[in-house]
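Engineer: Contents are compact mmCIF, C-alpha atoms; file name coords-v6.txt:
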# COMPACT_ATOMS: atom_id res chain seq x y z
CA MET A 1 22.48 -20.19 -0.82
CA ALA A 2 25.05 -18.78 1.60
CA GLY A 3 23.35 -16.43 4.04
CA LEU A 4 19.81 -17.17 2.82
CA PHE A 5 18.71 -18.30 6.26
CA ASP A 6 20.79 -15.84 8.28
CA LYS A 7 19.23 -13.09 10.38
CA VAL A 8 19.10 -9.70 8.59
CA GLU A 9 19.40 -6.36 10.42
CA PHE A 10 18.06 -3.04 9.09
CA VAL A 11 18.64 0.63 9.83
CA HIS A 12 14.90 1.01 10.41
CA GLY A 13 12.51 -1.64 11.70
CA PRO A 14 13.03 -4.99 13.38
CA ALA A 15 15.41 -7.66 12.11
CA ILE A 16 14.09 -10.58 10.07
CA ALA A 17 14.97 -14.22 10.65
CA ASN A 18 15.96 -14.91 7.02
CA ARG A 19 15.88 -13.46 3.50
CA LEU A 20 12.67 -15.22 2.44
CA THR A 21 9.60 -13.02 2.09
CA LEU A 22 5.99 -13.61 1.15
CA ALA A 23 5.09 -11.02 -1.47
CA PRO A 24 1.74 -9.19 -1.30
CA LEU A 25 -0.84 -11.33 -3.10
CA THR A 26 -4.37 -10.46 -4.24
CA ASN A 27 -6.66 -12.58 -2.07
CA MET A 28 -10.17 -11.10 -2.60
CA GLN A 29 -11.23 -12.72 0.69
CA SER A 30 -12.36 -9.76 2.80
CA ASN A 31 -15.72 -8.06 3.28
CA PRO A 32 -17.47 -5.50 1.03
CA ASP A 33 -16.92 -2.73 3.61
CA GLY A 34 -13.16 -3.34 3.58
CA SER A 35 -13.07 -5.12 6.92
CA LEU A 36 -11.00 -8.26 7.41
CA GLY A 37 -12.66 -11.50 6.31
CA ASP A 38 -12.13 -14.72 8.23
CA ALA A 39 -10.93 -16.45 5.05
CA GLU A 40 -8.25 -13.80 4.49
CA LEU A 41 -7.13 -14.01 8.12
CA HIS A 42 -6.86 -17.79 7.90
CA TRP A 43 -5.04 -17.71 4.56
CA LEU A 44 -2.40 -15.20 5.71
CA GLU A 45 -1.95 -16.90 9.08
CA MET A 46 -1.27 -20.16 7.25
CA ARG A 47 1.25 -18.44 4.96
CA ALA A 48 2.95 -16.78 7.93
CA GLY A 49 3.58 -20.22 9.37
CA GLY A 50 5.73 -21.13 6.38
CA GLY A 51 8.94 -19.77 7.86
CA PHE A 52 9.18 -16.45 5.98
CA GLY A 53 11.28 -13.63 7.39
CA ILE A 54 8.58 -11.20 6.19
CA THR A 55 4.91 -11.86 5.54
CA SER A 56 3.06 -9.15 3.61
CA THR A 57 -0.65 -8.50 3.36
CA CYS A 58 -2.51 -8.09 0.10
CA ALA A 59 -2.72 -4.59 -1.37
CA MET A 60 -4.94 -2.71 1.13
CA HIS A 61 -6.74 0.35 -0.20
CA VAL A 62 -6.13 3.61 1.67
CA GLN A 63 -9.27 5.35 0.41
CA PRO A 64 -12.69 4.02 -0.60
CA SER A 65 -12.10 5.74 -3.97
CA GLY A 66 -9.04 3.55 -4.50
CA GLN A 67 -10.62 0.10 -4.28
CA GLY A 68 -9.31 -2.00 -7.14
CA PHE A 69 -11.08 -5.32 -6.75
CA ALA A 70 -13.92 -7.04 -4.92
CA GLY A 71 -13.09 -8.49 -1.51
CA GLN A 72 -10.17 -6.11 -1.04
CA LEU A 73 -8.99 -5.50 2.52
CA GLY A 74 -9.06 -1.84 3.53
CA CYS A 75 -7.05 0.38 5.88
CA PHE A 76 -8.83 3.69 5.30
CA SER A 77 -10.75 4.03 8.58
CA ASP A 78 -10.27 3.49 12.30
CA ASP A 79 -13.41 1.32 12.09
CA LEU A 80 -11.15 -1.26 10.40
CA LEU A 81 -8.61 -1.33 13.25
CA PRO A 82 -10.03 -4.39 15.05
CA GLY A 83 -9.55 -6.56 11.96
CA LEU A 84 -6.14 -5.09 11.17
CA THR A 85 -5.04 -5.77 14.74
CA ARG A 86 -6.24 -9.38 14.54
CA LEU A 87 -4.31 -9.83 11.32
CA ALA A 88 -1.08 -8.31 12.64
CA ASP A 89 -1.29 -10.39 15.81
CA ALA A 90 -1.92 -13.59 13.86
CA VAL A 91 0.97 -13.04 11.44
CA LYS A 92 3.47 -11.97 14.11
CA GLY A 93 2.35 -14.86 16.28
CA LYS A 94 4.00 -17.15 13.72
CA GLY A 95 7.38 -15.51 14.30
CA THR A 96 7.50 -13.45 11.12
CA VAL A 97 7.71 -9.69 10.54
CA ALA A 98 4.33 -8.28 9.42
CA ILE A 99 4.23 -5.76 6.54
CA ALA A 100 1.07 -4.06 5.24
CA GLN A 101 1.00 -3.06 1.58
CA LEU A 102 -0.73 0.30 0.99
CA HIS A 103 -2.58 0.75 -2.29
CA HIS A 104 -4.78 3.10 -4.29
CA GLY A 105 -6.01 1.85 -7.65
CA GLY A 106 -5.96 5.26 -9.35
CA SER A 107 -7.43 5.02 -12.84
CA ARG A 108 -7.73 1.26 -12.40
CA SER A 109 -10.10 1.54 -9.44
CA ASP A 110 -13.34 -0.33 -10.10
CA SER A 111 -16.12 2.21 -10.72
CA SER A 112 -18.77 -0.37 -9.85
CA LEU A 113 -17.20 -0.76 -6.40
CA ILE A 114 -16.29 2.87 -5.64
CA GLY A 115 -19.64 4.23 -6.82
CA GLY A 116 -18.19 6.85 -9.15
CA GLN A 117 -15.54 7.80 -11.67
CA PRO A 118 -11.96 6.73 -10.93
CA ILE A 119 -9.42 9.48 -10.26
CA CYS A 120 -5.78 9.71 -11.35
CA PRO A 121 -3.04 12.29 -12.07
CA SER A 122 -4.34 13.21 -15.56
CA ASP A 123 -7.47 12.34 -17.53
CA ASN A 124 -7.33 8.75 -18.73
CA VAL A 125 -9.74 7.93 -21.54
CA GLU A 126 -8.86 4.24 -21.57
CA PHE A 127 -10.13 3.75 -18.02
CA GLY A 128 -12.70 6.57 -18.00
CA ALA A 129 -10.82 8.29 -15.16
CA ARG A 130 -10.61 12.02 -14.48
CA GLU A 131 -7.74 14.22 -13.37
CA MET A 132 -7.46 14.80 -9.62
CA THR A 133 -7.70 18.30 -8.25
CA SER A 134 -4.70 19.57 -6.28
CA GLY A 135 -6.78 19.17 -3.14
CA GLU A 136 -7.54 15.54 -3.99
CA VAL A 137 -3.84 14.85 -4.51
CA GLU A 138 -3.12 16.22 -1.03
CA GLU A 139 -5.98 14.16 0.42
CA SER A 140 -4.66 10.97 -1.15
CA ALA A 141 -1.12 11.59 0.12
CA GLU A 142 -2.51 12.14 3.61
CA ALA A 143 -4.63 8.99 3.29
CA PHE A 144 -1.50 6.91 2.65
CA ILE A 145 0.25 8.45 5.66
CA ALA A 146 -2.78 8.00 7.93
CA ALA A 147 -3.14 4.40 6.76
CA ALA A 148 0.49 3.73 7.73
CA GLU A 149 -0.15 5.21 11.18
CA ARG A 150 -3.23 3.01 11.47
CA CYS A 151 -1.24 -0.08 10.52
CA LYS A 152 1.42 0.76 13.09
CA LYS A 153 -1.28 1.17 15.74
CA ALA A 154 -2.66 -2.23 14.73
CA GLY A 155 0.75 -3.79 15.37
CA PHE A 156 2.31 -4.09 11.92
CA ASP A 157 6.10 -3.79 11.76
CA GLY A 158 6.06 -1.67 8.64
CA VAL A 159 4.39 -0.81 5.34
CA GLN A 160 5.13 -1.00 1.64
CA LEU A 161 3.75 1.56 -0.83
CA HIS A 162 2.37 -0.06 -3.98
CA GLY A 163 4.09 2.05 -6.59
CA ALA A 164 3.85 -0.51 -9.39
CA HIS A 165 1.53 -1.98 -12.02
CA GLY A 166 -0.07 1.28 -13.14
CA TYR A 167 -1.79 2.12 -9.85
CA LEU A 168 -1.90 5.65 -8.40
CA VAL A 169 1.68 6.07 -7.12
CA CYS A 170 3.02 4.56 -10.35
CA GLU A 171 0.76 6.82 -12.43
CA PHE A 172 2.26 9.92 -10.81
CA LEU A 173 5.78 8.73 -11.65
CA SER A 174 5.11 8.04 -15.33
CA PRO A 175 5.21 10.91 -17.89
CA GLU A 176 2.66 8.96 -19.94
CA THR A 177 -0.01 9.04 -17.24
CA ASN A 178 1.08 12.21 -15.45
CA ARG A 179 0.80 15.19 -17.77
CA ARG A 180 0.14 17.76 -15.04
CA THR A 181 1.67 21.23 -15.15
CA ASP A 182 1.41 22.01 -11.43
CA LYS A 183 3.84 20.98 -8.67
CA TRP A 184 2.82 17.32 -9.10
CA GLY A 185 3.94 16.97 -12.72
CA GLY A 186 6.57 17.86 -15.30
CA THR A 187 10.11 16.92 -14.33
CA LEU A 188 10.92 13.57 -12.75
CA GLU A 189 11.39 15.33 -9.42
CA LYS A 190 7.90 16.82 -9.64
CA ARG A 191 6.34 13.56 -10.78
CA ALA A 192 7.99 11.86 -7.80
CA GLN A 193 6.74 14.52 -5.37
CA PHE A 194 3.55 12.60 -4.54
CA MET A 195 5.51 9.50 -3.55
CA MET A 196 8.17 11.46 -1.67
CA GLU A 197 5.60 13.36 0.39
CA ILE A 198 4.05 10.05 1.41
CA VAL A 199 7.45 8.54 2.28
CA GLY A 200 8.47 11.60 4.28
CA GLY A 201 5.14 11.77 6.10
CA ILE A 202 5.22 8.10 7.06
CA ARG A 203 8.79 8.28 8.35
CA SER A 204 8.01 11.43 10.33
CA ARG A 205 4.79 10.17 11.90
CA CYS A 206 5.56 6.46 12.31
CA GLY A 207 9.06 6.86 13.71
CA GLU A 208 12.46 5.37 13.04
CA ASP A 209 11.78 1.79 14.18
CA PHE A 210 9.31 1.05 11.37
CA HIS A 211 9.91 -0.67 8.04
CA LEU A 212 9.11 1.49 5.00
CA GLY A 213 9.45 0.26 1.44
CA VAL A 214 8.24 1.12 -2.05
CA ARG A 215 7.36 -1.43 -4.70
CA LEU A 216 8.26 -0.18 -8.19
CA SER A 217 7.94 -1.74 -11.63
CA PRO A 218 9.64 -0.90 -14.96
CA GLU A 219 6.75 0.96 -16.58
Would you mind giving the structure from this file in structure tokens?
Structural biologist:
Amino acid sequence: MAGLFDKVEFVHGPAIANRLTLAPLTNMQSNPDGSLGDAELHWLEMRAGGGFGITSTCAMHVQPSGQGFAGQLGCFSDDLLPGLTRLADAVKGKGTVAIAQLHHGGSRSDSSLIGGQPICPSDNVEFGAREMTSGEVEESAEAFIAAAERCKKAGFDGVQLHGAHGYLVCEFLSPETNRRTDKWGGTLEKRAQFMMEIVGGIRSRCGEDFHLGVRLSPE
């Protein structure tokens, strides 16, 4: 327990009051257009009051094509900035660092919600998803970077890329779901290129005093 409640400094981003963090949790409490719902705002504000050093949002989709579940909060448009700003203000008002998790469902995006076929690194028969064009890969990378800029503008202290659980960033990393032969697939370095372009773009455009993390999982 030694040090658990001590202040923690970072190379990038503001210090946190302790080592306790609220992980991103799937709330399904926002509006169909991706805008912040009052229930989600209230829920996260209540959690932020629990004394955490960091309070994270749910997984927020960076493109309409990446929505993974109903009621998911979005960060893909400047039209969503008012709600994002309210959320950042509410969380930080409780004395905790506010982190936005950035997400694209990839093959696991819900076709009934996105109005079309899910997209992913390579064709995925299990989920009925098709391979992304090179242009679509570039567009998705830019969408993550733009979403981070939007979150910074809204007042968040940093972002976390959702690179776990078989979603888009994770799918690029895995040789099982990424069978591409262009610059986005093949070796581990090429499979990681999508993630690294996003990381580099966010650091370049959001500055040094901004938290930036990646959530990974074993698969």
Engineer: Skipping near chain neighbours, those fewer than 4 positions away, what residues fall within 6 Å of region 141-158 of chain A using all atoms listed in the file, listed as a list in words?
Structural biologist: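 Those residues are Val62, Cys75, Phe76, Leu84, Thr85, Ala88, Ala98, Ile99, Ile198, Gly201, Ile202, Cys206, Phe210, His211 and Leu212 of chain A.
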Engineer: Can you list every residue of region 46-71 of chain A that has an atom at most 12 Å from region 2-9 of chain A, with its nearest atom pair and the distance in Å to one decimal, using only C-alpha atoms, ordered by chain then number, as a tab-separated table?
Structural biologist:
residue	atom	partner	partner_atom	distance
A:Gly51	CA	A:Phe5	CA	10.0
A:Phe52	CA	A:Phe5	CA	9.7
A:Gly53	CA	A:Lys7	CA	8.5
A:Ile54	CA	A:Val8	CA	10.9
Engineer: A:Thr26, A:Met46, A:Ile114, A:Asp89: which is nearest Gln67 (chain A), counting only C-alpha atoms?
Structural biologist: A:Ile114
Engineer: Residues near region 120-126 of chain A, anyone? I mean within 12 Å using only C-alpha atoms, not counting same-chain ones fewer than 4 positions away, as number ranges by chain.
Structural biologist: A: 65-66, 104-109, 130-138, 140, 166-186, 191-192, 194
Engineer: Given all atoms listed in the file as the basis, pick out the residue of A:His103, A:Arg19, A:Arg203, A:Arg86 nearest to Gly163 (chain A).
Structural biologist: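 Once distances to Gly163 (chain A) are computed over all atoms listed in the file, the minimum belongs to A:His103.
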Engineer: Could you give me, as a PyMOL selection string, the residues within 10 Å of Ala39 (chain A), counting only C-alpha atoms and dropping anything in the same chain fewer than 2 positions from it?
Structural biologist: chain A and resi 27-31+36-37+41-45
Engineer: Just checking: using only C-alpha atoms, which residue out of A:Phe127, A:Arg47, A:Val199, A:Asp110 ends up closest to Lys94 (chain A)?
Structural biologist: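 Counting only C-alpha atoms, the residue closest to Lys94 (chain A) is A:Arg47.
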Engineer: Taking only C-alpha atoms into account, name the residue in A:Pro82, A:Pro32, A:Gly116, A:Pro24 that is nearest to Cys58 (chain A).
Structural biologist: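 Nearest candidate to Cys58 (chain A) out of A:Pro82, A:Pro32, A:Gly116, A:Pro24: A:Pro24.
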Engineer: Take the point (16.1, -1.3, 13.8) as written in the file and pick out every residue within 10 Å of it, counting only C-alpha atoms; give the list as a PyMOL selection string.
Structural biologist: chain A and resi 9-15+208-211
Engineer: Interatomic distance between CA of Ala129 (chain A) and CA of Gln117 (chain A)?
Structural biologist: 5.9 Å
Engineer: May I have the residues within 8 Å of Arg215 (chain A) as a PyMOL selection string, using all atoms listed in the file and disregarding those fewer than 4 positions away in the same chain?
Structural biologist: chain A and resi 160-164
Engineer: Create the file for the chosen residues now, containing C-alpha atoms and written as a PDB file, keeping the file's coordinate frame.
Structural biologist:
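Result file is result_39.pdb:
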ATOM      1  CA  GLN A 160       5.130  -1.000   1.640  1.00  0.00           C
ATOM      2  CA  LEU A 161       3.750   1.560  -0.830  1.00  0.00           C
ATOM      3  CA  HIS A 162       2.370  -0.060  -3.980  1.00  0.00           C
ATOM      4  CA  GLY A 163       4.090   2.050  -6.590  1.00  0.00           C
ATOM      5  CA  ALA A 164       3.850  -0.510  -9.390  1.00  0.00           C
TER       6      ALA A 164
END
Engineer: Measure the distance from CA of Met196 (chain A) to CA of Met60 (chain A) in Å and round it to one decimal.
Structural biologist: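 Computing it gives 19.5 Å between the two atoms.
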Engineer: Take CA of Thr96 (chain A) and CA of Thr57 (chain A) and report the distance between them in Å, one decimal.
Structural biologist: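 Computing it gives 12.3 Å between the two atoms.
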Engineer: Would you please work out which residue, of A:Leu102, A:Ala48, A:Ile119, A:Ala23, is nearest to Leu87 (chain A) when using all atoms listed in the file?
Structural biologist: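 Distance minimum relative to Leu87 (chain A) lands on A:Ala48.
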Engineer: Could you write out as AutoDock Vina command-line options the box around region 16-34 of chain A (axis-aligned, all atoms listed in the file, 6 Å on each side), with centre and edge lengths in Å to one decimal?
Structural biologist:
--center_x -0.8 --center_y -9.0 --center_z 3.2 --size_x 45.4 --size_y 24.5 --size_z 26.9
